[in-house]
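A.B. asks: Got a file for you: coords-v6.txt, compact mmCIF, C-alpha atoms.
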```
# COMPACT_ATOMS: atom_id res chain seq x y z
CA MET A 1 99.85 25.26 10.34
CA GLY A 2 100.37 27.88 13.01
CA GLU A 3 100.06 30.63 10.45
CA LYS A 4 99.96 34.02 12.10
CA ARG A 5 96.58 35.73 11.94
CA LYS A 6 96.44 38.68 9.59
CA LYS A 7 95.65 41.97 11.28
CA MET A 8 93.71 45.03 10.08
CA ALA A 9 93.85 48.41 11.82
CA VAL A 10 91.36 51.14 10.95
CA ALA A 11 91.47 54.72 12.21
CA VAL A 12 87.81 55.85 12.31
CA PHE A 13 87.56 59.62 12.11
CA SER A 14 84.12 59.84 10.53
CA GLY A 15 80.89 59.70 12.50
CA SER A 16 78.46 59.62 9.60
CA ILE A 17 76.32 56.54 9.31
CA ASP A 18 77.02 55.92 5.64
CA ARG A 19 80.75 55.61 6.38
CA LEU A 20 80.18 53.73 9.64
CA THR A 21 77.96 51.26 7.77
CA GLY A 22 80.69 50.75 5.18
CA LEU A 23 83.17 50.27 8.01
CA ALA A 24 80.93 47.77 9.81
CA ILE A 25 80.49 45.68 6.65
CA LEU A 26 84.25 45.70 6.07
CA VAL A 27 84.96 44.72 9.69
CA SER A 28 82.34 41.94 9.63
CA GLY A 29 83.93 40.51 6.51
CA ALA A 30 87.45 40.76 7.91
CA VAL A 31 86.48 39.06 11.18
CA ALA A 32 84.60 36.35 9.27
CA MET A 33 87.74 35.75 7.19
CA GLY A 34 89.68 35.14 10.38
CA MET A 35 91.46 38.48 10.66
CA GLU A 36 92.08 40.37 13.86
CA VAL A 37 90.64 43.89 13.65
CA GLU A 38 91.42 46.99 15.69
CA LEU A 39 89.62 50.33 15.48
CA PHE A 40 90.85 53.71 16.75
CA LEU A 41 88.00 56.18 17.15
CA GLN A 42 88.95 59.79 16.53
CA LEU A 43 86.81 62.92 16.77
CA TRP A 44 83.44 62.12 15.15
CA GLY A 45 84.05 58.40 15.28
CA ALA A 46 84.37 58.65 19.07
CA TYR A 47 81.30 60.90 19.28
CA SER A 48 79.20 58.29 17.46
CA PHE A 49 80.07 55.63 20.03
CA ARG A 50 78.79 57.68 22.96
CA LYS A 51 75.91 56.03 24.79
CA ASP A 52 73.77 59.14 24.38
CA VAL A 53 74.48 59.46 20.64
CA ILE A 54 74.81 56.00 19.07
CA GLN A 55 71.11 55.35 18.38
CA LYS A 56 70.23 58.91 17.40
CA ASN A 57 72.93 59.55 14.81
CA MET A 58 71.35 60.17 11.38
CA ASN A 59 74.21 62.04 9.69
CA PHE A 60 75.26 61.19 6.16
CA SER A 61 78.56 62.48 4.81
CA GLU A 62 77.76 62.22 1.11
CA PHE A 63 74.74 62.46 -1.18
CA GLN A 64 72.57 63.73 1.68
CA ASN A 65 69.68 64.08 -0.78
CA LEU A 66 69.68 60.28 -1.06
CA SER A 67 69.97 59.57 2.65
CA SER A 68 66.31 58.70 3.23
CA GLU A 69 66.33 56.38 0.23
CA VAL A 70 69.51 54.65 1.45
CA ALA A 71 68.03 54.32 4.95
CA LYS A 72 64.89 52.77 3.46
CA ARG A 73 66.89 50.33 1.30
CA LEU A 74 69.01 49.28 4.28
CA GLN A 75 65.80 48.39 6.09
CA GLU A 76 64.35 46.54 3.10
CA LEU A 77 67.59 44.57 2.79
CA LYS A 78 67.28 43.76 6.50
CA LEU A 79 70.85 44.91 7.04
CA PRO A 80 71.50 45.36 10.76
CA SER A 81 72.59 48.81 11.95
CA TRP A 82 76.32 49.53 11.85
CA PHE A 83 76.59 49.12 15.63
CA ASP A 84 74.73 45.79 15.61
CA LEU A 85 77.08 44.61 12.85
CA LEU A 86 80.07 45.58 14.99
CA ARG A 87 78.53 43.91 18.04
CA GLU A 88 78.09 40.71 16.05
CA ALA A 89 81.64 40.98 14.68
CA LYS A 90 82.91 41.32 18.22
CA ARG A 91 80.92 38.26 19.32
CA MET A 92 82.18 36.05 16.52
CA GLY A 93 85.79 37.10 16.27
CA ASN A 94 88.64 39.24 17.39
CA LEU A 95 87.63 42.92 17.27
CA LYS A 96 89.03 45.57 19.59
CA ILE A 97 87.75 49.13 19.69
CA TYR A 98 89.80 51.96 21.20
CA VAL A 99 88.90 55.61 21.69
CA CYS A 100 91.61 58.23 21.08
CA SER A 101 92.39 59.84 24.44
CA THR A 102 92.24 63.34 22.96
CA ALA A 103 88.83 62.65 21.39
CA ALA A 104 87.62 61.44 24.79
CA ALA A 105 88.95 64.65 26.34
CA ILE A 106 87.20 66.77 23.69
CA TRP A 107 83.89 65.06 24.48
CA LYS A 108 84.63 65.18 28.22
CA ALA A 109 83.91 61.45 28.16
CA LYS A 110 85.21 58.59 30.27
CA LYS A 111 85.17 54.93 29.26
CA GLU A 112 81.76 54.48 30.89
CA ASP A 113 80.27 57.24 28.68
CA PHE A 114 80.87 55.06 25.62
CA VAL A 115 78.88 51.97 24.66
CA ASP A 116 80.27 48.65 25.86
CA LEU A 117 81.71 47.93 22.40
CA VAL A 118 84.59 50.20 23.41
CA ASP A 119 87.50 48.33 25.03
CA ASP A 120 89.65 51.19 26.20
CA ILE A 121 90.87 54.76 25.79
CA ILE A 122 94.43 54.85 24.42
CA GLY A 123 97.04 57.33 23.21
CA VAL A 124 98.28 57.81 19.69
CA GLY A 125 101.68 56.26 20.45
CA GLU A 126 100.08 52.96 21.32
CA TRP A 127 97.84 53.18 18.26
CA VAL A 128 100.75 53.82 15.90
CA ASP A 129 102.49 50.85 17.48
CA LYS A 130 99.44 48.72 16.68
CA MET A 131 99.24 50.09 13.14
CA SER A 132 102.89 49.27 12.57
CA GLU A 133 102.13 45.62 13.36
CA ALA A 134 99.05 45.42 11.13
CA ASP A 135 98.99 43.93 7.66
CA ILE A 136 96.31 46.36 6.47
CA THR A 137 95.79 49.92 7.70
CA LEU A 138 92.88 52.13 6.71
CA PHE A 139 91.44 55.53 7.55
CA VAL A 140 87.68 56.05 7.44
CA MET B 1 91.68 52.78 32.65
CA GLY B 2 90.83 49.16 31.76
CA MET B 3 93.91 47.89 29.95
CA ASN B 4 96.67 46.07 31.77
CA GLU B 5 99.61 48.11 32.83
CA ILE B 6 102.84 47.54 30.95
CA LYS B 7 105.34 46.13 33.41
CA GLY B 8 108.31 48.32 34.23
CA GLU B 9 111.73 47.29 35.49
CA LEU B 10 111.27 48.67 38.99
CA SER B 11 108.77 48.30 41.84
CA PRO B 12 106.73 51.31 43.02
CA GLU B 13 108.97 51.58 46.12
CA GLU B 14 112.09 51.67 43.95
CA LEU B 15 110.48 54.23 41.62
CA ARG B 16 109.74 56.54 44.54
CA LYS B 17 113.43 56.55 45.53
CA LEU B 18 114.63 57.56 42.05
CA LYS B 19 116.31 60.90 41.45
CA PRO B 20 115.38 61.80 37.87
CA ASN B 21 117.89 63.83 35.84
CA LYS B 22 114.96 65.73 34.37
CA THR B 23 111.23 66.01 35.01
CA VAL B 24 108.95 67.24 32.26
CA ASP B 25 105.50 68.40 33.35
CA ALA B 26 103.02 67.65 30.56
CA ARG B 27 99.95 67.71 32.79
CA GLY B 28 96.97 69.29 31.10
CA MET B 29 98.31 68.47 27.65
CA SER B 30 96.36 65.93 25.69
CA CYS B 31 97.81 63.26 23.47
CA PRO B 32 100.20 63.48 21.61
CA GLY B 33 101.51 66.41 23.76
CA PRO B 34 103.08 64.33 26.55
CA LEU B 35 104.69 61.91 24.07
CA LEU B 36 106.23 64.79 22.11
CA ALA B 37 107.32 66.48 25.36
CA ALA B 38 109.09 63.29 26.47
CA LYS B 39 110.75 62.87 23.07
CA GLN B 40 112.11 66.42 23.31
CA ALA B 41 113.08 66.20 26.98
CA ILE B 42 115.05 62.96 26.78
CA THR B 43 117.64 64.74 24.63
CA GLU B 44 118.47 66.77 27.76
CA VAL B 45 119.08 63.64 29.86
CA PRO B 46 122.55 62.02 29.79
CA VAL B 47 122.79 58.43 28.53
CA GLY B 48 122.09 56.23 31.55
CA GLY B 49 120.08 59.03 33.18
CA ILE B 50 116.39 59.10 34.05
CA LEU B 51 113.52 61.11 32.59
CA GLU B 52 110.33 61.55 34.59
CA THR B 53 107.24 62.60 32.64
CA LEU B 54 104.12 63.90 34.38
CA SER B 55 100.93 63.41 32.37
CA SER B 56 97.21 63.58 33.02
CA ASP B 57 96.35 61.98 29.67
CA PRO B 58 95.29 58.35 30.25
CA GLY B 59 97.05 57.19 27.07
CA THR B 60 100.54 58.25 28.11
CA LYS B 61 101.23 55.47 30.60
CA ARG B 62 101.12 52.98 27.74
CA ASP B 63 102.43 55.29 25.00
CA LEU B 64 105.71 55.99 26.79
CA PRO B 65 106.67 52.35 27.51
CA LEU B 66 106.00 51.46 23.86
CA TRP B 67 107.92 54.51 22.67
CA ALA B 68 110.84 53.68 25.00
CA LYS B 69 111.02 50.15 23.63
CA LYS B 70 111.03 51.38 20.03
CA MET B 71 113.73 53.92 20.79
CA GLY B 72 115.92 51.45 22.68
CA HIS B 73 115.41 53.07 26.09
CA VAL B 74 114.25 51.26 29.24
CA TYR B 75 110.82 51.81 30.75
CA LEU B 76 111.23 51.77 34.51
CA GLY B 77 107.61 52.11 35.62
CA THR B 78 104.73 54.41 36.49
CA ILE B 79 103.48 55.86 39.75
CA GLU B 80 99.81 56.80 39.81
CA GLU B 81 99.02 60.05 41.61
CA PRO B 82 95.58 61.66 42.00
CA GLY B 83 94.69 62.95 38.53
CA TYR B 84 98.01 62.20 36.85
CA TRP B 85 100.80 59.68 36.31
CA ARG B 86 104.57 59.84 36.84
CA ILE B 87 106.31 57.80 34.15
CA PHE B 88 110.00 56.92 34.38
CA VAL B 89 112.30 56.08 31.46
CA ARG B 90 116.07 55.47 31.47
CA ARG B 91 117.86 56.86 28.44
CA MET B 92 120.04 54.14 26.89
CA LYS B 93 121.51 55.82 23.83
```
For this file, write the structure as structure tokens.
C.D. replies:
Amino acid sequence: MGEKRKKMAVAVFSGSIDRLTGLAILVSGAVAMGMEVELFLQLWGAYSFRKDVIQKNMNFSEFQNLSSEVAKRLQELKLPSWFDLLREAKRMGNLKIYVCSTAAAIWKAKKEDFVDLVDDIIGVGEWVDKMSEADITLFV
Amino acid sequence: MGMNEIKGELSPEELRKLKPNKTVDARGMSCPGPLLAAKQAITEVPVGGILETLSSDPGTKRDLPLWAKKMGHVYLGTIEEPGYWRIFVRRMK
């Protein structure tokens, strides 16, 4: 009865698709479980959400020699791409995605240069304020 | 930028009439530069006095109100100028 929704805040520094896929699965699960989720996109995380980058990104952070096999298995398993998972999570629950203002400045990007999954560009003070109110905080 | 402004204590007309005790120019610095500049500069403002922070980083106009609230100061408001913001905080302790 009137129980406050649990909140998860994830700082997303990485822009490699293995980590972003792990993130997207985690976020989907959290949203499905009724949690509110907030993401803060830092350097490579922000880069990966650029309109001109999001579909082309093929970088793996670990076990690069297995990347083609992982990509193939993801297809066979019919797992949606990490950005389609996030889009679905956003549709079905409470997911907010913010770009770090310094990352935006590094990429000379405005809000309209990022895909429409991105809600806003914010500063680190606001993000730390959000993290301090979250029940779970993670760094990817 | 998209998000709603955080409401300050004063109207834009009232803000324009303020005489800040100190103005810190953090234009051209990116986050967290302006926040750190404000944190340092407020120590040079007497209790009850006003700090004006100039910033061209779009995050600062929400960072400073939230910081002020945490620190027990009062956020008075923000004036938007071409390419930057003027953010006013009253030191309370």
A.B. asks: Near Met29 in chain B, counting all atoms listed in the file, which residues have an atom at most 8 Å away, once you skip same-chain residues fewer than 3 positions from it, shown as a ChimeraX atom specification?
C.D. replies: /B:26,33-34,55-57
A.B. asks: Let me make sure I understand: among B:Cys31, B:Leu18, B:Met92, B:Ala38, which one has the smallest atom-to-atom distance to chain A if we use all atoms listed in the file?
C.D. replies: B:Cys31
A.B. asks: Which residues of chain B have any atom within 10 Å of an atom in chain A when counting all atoms listed in the file, and what is the closest pair of atoms for each, with the distance in Å to one decimal? Order the rows by chain and rising number and write it as JSON lines.
C.D. replies:
```
{"residue": "B:Met1", "atom": "CA", "partner": "A:Asp120", "partner_atom": "CA", "distance": 6.9}
{"residue": "B:Gly2", "atom": "CA", "partner": "A:Asp120", "partner_atom": "CA", "distance": 6.0}
{"residue": "B:Met3", "atom": "CA", "partner": "A:Asp120", "partner_atom": "CA", "distance": 6.6}
{"residue": "B:Met29", "atom": "CA", "partner": "A:Thr102", "partner_atom": "CA", "distance": 9.2}
{"residue": "B:Ser30", "atom": "CA", "partner": "A:Thr102", "partner_atom": "CA", "distance": 5.6}
{"residue": "B:Cys31", "atom": "CA", "partner": "A:Thr102", "partner_atom": "CA", "distance": 5.6}
{"residue": "B:Pro32", "atom": "CA", "partner": "A:Val124", "partner_atom": "CA", "distance": 6.3}
{"residue": "B:Gly33", "atom": "CA", "partner": "A:Thr102", "partner_atom": "CA", "distance": 9.8}
{"residue": "B:Pro34", "atom": "CA", "partner": "A:Gly123", "partner_atom": "CA", "distance": 9.8}
{"residue": "B:Leu35", "atom": "CA", "partner": "A:Gly125", "partner_atom": "CA", "distance": 7.4}
{"residue": "B:Leu36", "atom": "CA", "partner": "A:Gly125", "partner_atom": "CA", "distance": 9.8}
{"residue": "B:Asp57", "atom": "CA", "partner": "A:Ser101", "partner_atom": "CA", "distance": 6.9}
{"residue": "B:Pro58", "atom": "CA", "partner": "A:Ser101", "partner_atom": "CA", "distance": 6.7}
{"residue": "B:Gly59", "atom": "CA", "partner": "A:Gly123", "partner_atom": "CA", "distance": 3.9}
{"residue": "B:Thr60", "atom": "CA", "partner": "A:Gly123", "partner_atom": "CA", "distance": 6.1}
{"residue": "B:Lys61", "atom": "CA", "partner": "A:Gly123", "partner_atom": "CA", "distance": 8.7}
{"residue": "B:Arg62", "atom": "CA", "partner": "A:Glu126", "partner_atom": "CA", "distance": 6.5}
{"residue": "B:Asp63", "atom": "CA", "partner": "A:Gly125", "partner_atom": "CA", "distance": 4.7}
{"residue": "B:Leu64", "atom": "CA", "partner": "A:Gly125", "partner_atom": "CA", "distance": 7.5}
{"residue": "B:Pro65", "atom": "CA", "partner": "A:Glu126", "partner_atom": "CA", "distance": 9.1}
{"residue": "B:Leu66", "atom": "CA", "partner": "A:Glu126", "partner_atom": "CA", "distance": 6.6}
{"residue": "B:Trp67", "atom": "CA", "partner": "A:Gly125", "partner_atom": "CA", "distance": 6.9}
{"residue": "B:Lys70", "atom": "CA", "partner": "A:Asp129", "partner_atom": "CA", "distance": 8.9}
```
A.B. asks: Just to be explicit: take each residue in the selection above, keep C-alpha atoms, and write the result as a short mmCIF file (atom, residue, chain, number, x, y, z; two decimals), in the frame of the given file.
C.D. replies:
```
data_model
loop_
_atom_site.label_atom_id
_atom_site.label_comp_id
_atom_site.auth_asym_id
_atom_site.auth_seq_id
_atom_site.Cartn_x
_atom_site.Cartn_y
_atom_site.Cartn_z
CA MET B 1 91.68 52.78 32.65
CA GLY B 2 90.83 49.16 31.76
CA MET B 3 93.91 47.89 29.95
CA MET B 29 98.31 68.47 27.65
CA SER B 30 96.36 65.93 25.69
CA CYS B 31 97.81 63.26 23.47
CA PRO B 32 100.20 63.48 21.61
CA GLY B 33 101.51 66.41 23.76
CA PRO B 34 103.08 64.33 26.55
CA LEU B 35 104.69 61.91 24.07
CA LEU B 36 106.23 64.79 22.11
CA ASP B 57 96.35 61.98 29.67
CA PRO B 58 95.29 58.35 30.25
CA GLY B 59 97.05 57.19 27.07
CA THR B 60 100.54 58.25 28.11
CA LYS B 61 101.23 55.47 30.60
CA ARG B 62 101.12 52.98 27.74
CA ASP B 63 102.43 55.29 25.00
CA LEU B 64 105.71 55.99 26.79
CA PRO B 65 106.67 52.35 27.51
CA LEU B 66 106.00 51.46 23.86
CA TRP B 67 107.92 54.51 22.67
CA LYS B 70 111.03 51.38 20.03
#
```
A.B. asks: Which residue, A:Ala89, A:Ile97, A:Val27, A:Val115, has the smallest gap to Gln55 in chain A when you use all atoms listed in the file?
C.D. replies: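 Once distances to Gln55 in chain A are computed over all atoms listed in the file, the minimum belongs to A:Val115.
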A.B. asks: Quick one, how far is CA of Ala134 in chain A from CA of Tyr47 in chain A?
C.D. replies: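 Distance between the two atoms: 24.9 Å.
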A.B. asks: So that I can see what lies close to Phe114 in chain A, please list as a VMD selection string the residues with an atom at most 6 Å from it, counting all atoms listed in the file and leaving out residues fewer than 5 positions away in the same chain.
C.D. replies: chain A and resid 49 to 51
A.B. asks: Find the distance between CA of Leu10 in chain B and CA of Ile50 in chain B and write it in Å to one decimal.
C.D. replies: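 Here the two named atoms are 12.6 Å from each other.
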A.B. asks: With only C-alpha atoms as the basis for distance, which of B:Leu54, B:Asn21, B:Lys39, B:Gly49 is at the shortest distance from Ile79 in chain B?
C.D. replies: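 Ranking B:Leu54, B:Asn21, B:Lys39, B:Gly49 by distance to Ile79 in chain B, first place goes to B:Leu54.
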A.B. asks: Between CA of Ala11 in chain A and CA of Phe139 in chain A, what is the spacing in Å?
C.D. replies: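 Here the two named atoms are 4.7 Å from each other.
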A.B. asks: As a PyMOL selection string, please: the residues near Glu62 in chain A (cut-off 9 Å, all atoms listed in the file, same-chain neighbours under 3 positions excluded).
C.D. replies: chain A and resi 16+18-19+65-67
A.B. asks: Please determine, counting all atoms listed in the file, which residue among A:Glu112, A:Ser81, A:Lys6, A:Ser132 has the shortest atom-to-atom distance to Asn57 in chain A.
C.D. replies: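 Closest to Asn57 in chain A of all the choices is A:Ser81.
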A.B. asks: Ranking B:Asp25, B:Val47, B:Met71, B:Ala37 by minimum distance to Tyr84 in chain B and counting all atoms listed in the file, which one comes first?
C.D. replies: B:Asp25
A.B. asks: From the list A:Phe63, A:Met8, A:Tyr98, A:Lys130, which residue is nearest Gly34 in chain A when using only C-alpha atoms?
C.D. replies: A:Met8
A.B. asks: Please identify all polymer residues within 12 Å of Arg16 in chain B, counting all atoms listed in the file, omitting same-chain residues fewer than 2 positions from it, and present them as a VMD selection string.
C.D. replies: chain B and resid 10 to 14 18 to 20 52 76 to 81 86 to 88
A.B. asks: Please, could you write that set of residues out with C-alpha atoms as a PDB file, in the frame of the given file?
C.D. replies:
```pdb
ATOM      1  CA  LEU B  10     111.270  48.670  38.990  1.00  0.00           C
ATOM      2  CA  SER B  11     108.770  48.300  41.840  1.00  0.00           C
ATOM      3  CA  PRO B  12     106.730  51.310  43.020  1.00  0.00           C
ATOM      4  CA  GLU B  13     108.970  51.580  46.120  1.00  0.00           C
ATOM      5  CA  GLU B  14     112.090  51.670  43.950  1.00  0.00           C
ATOM      6  CA  LEU B  18     114.630  57.560  42.050  1.00  0.00           C
ATOM      7  CA  LYS B  19     116.310  60.900  41.450  1.00  0.00           C
ATOM      8  CA  PRO B  20     115.380  61.800  37.870  1.00  0.00           C
ATOM      9  CA  GLU B  52     110.330  61.550  34.590  1.00  0.00           C
ATOM     10  CA  LEU B  76     111.230  51.770  34.510  1.00  0.00           C
ATOM     11  CA  GLY B  77     107.610  52.110  35.620  1.00  0.00           C
ATOM     12  CA  THR B  78     104.730  54.410  36.490  1.00  0.00           C
ATOM     13  CA  ILE B  79     103.480  55.860  39.750  1.00  0.00           C
ATOM     14  CA  GLU B  80      99.810  56.800  39.810  1.00  0.00           C
ATOM     15  CA  GLU B  81      99.020  60.050  41.610  1.00  0.00           C
ATOM     16  CA  ARG B  86     104.570  59.840  36.840  1.00  0.00           C
ATOM     17  CA  ILE B  87     106.310  57.800  34.150  1.00  0.00           C
ATOM     18  CA  PHE B  88     110.000  56.920  34.380  1.00  0.00           C
TER      19      PHE B  88
END
```
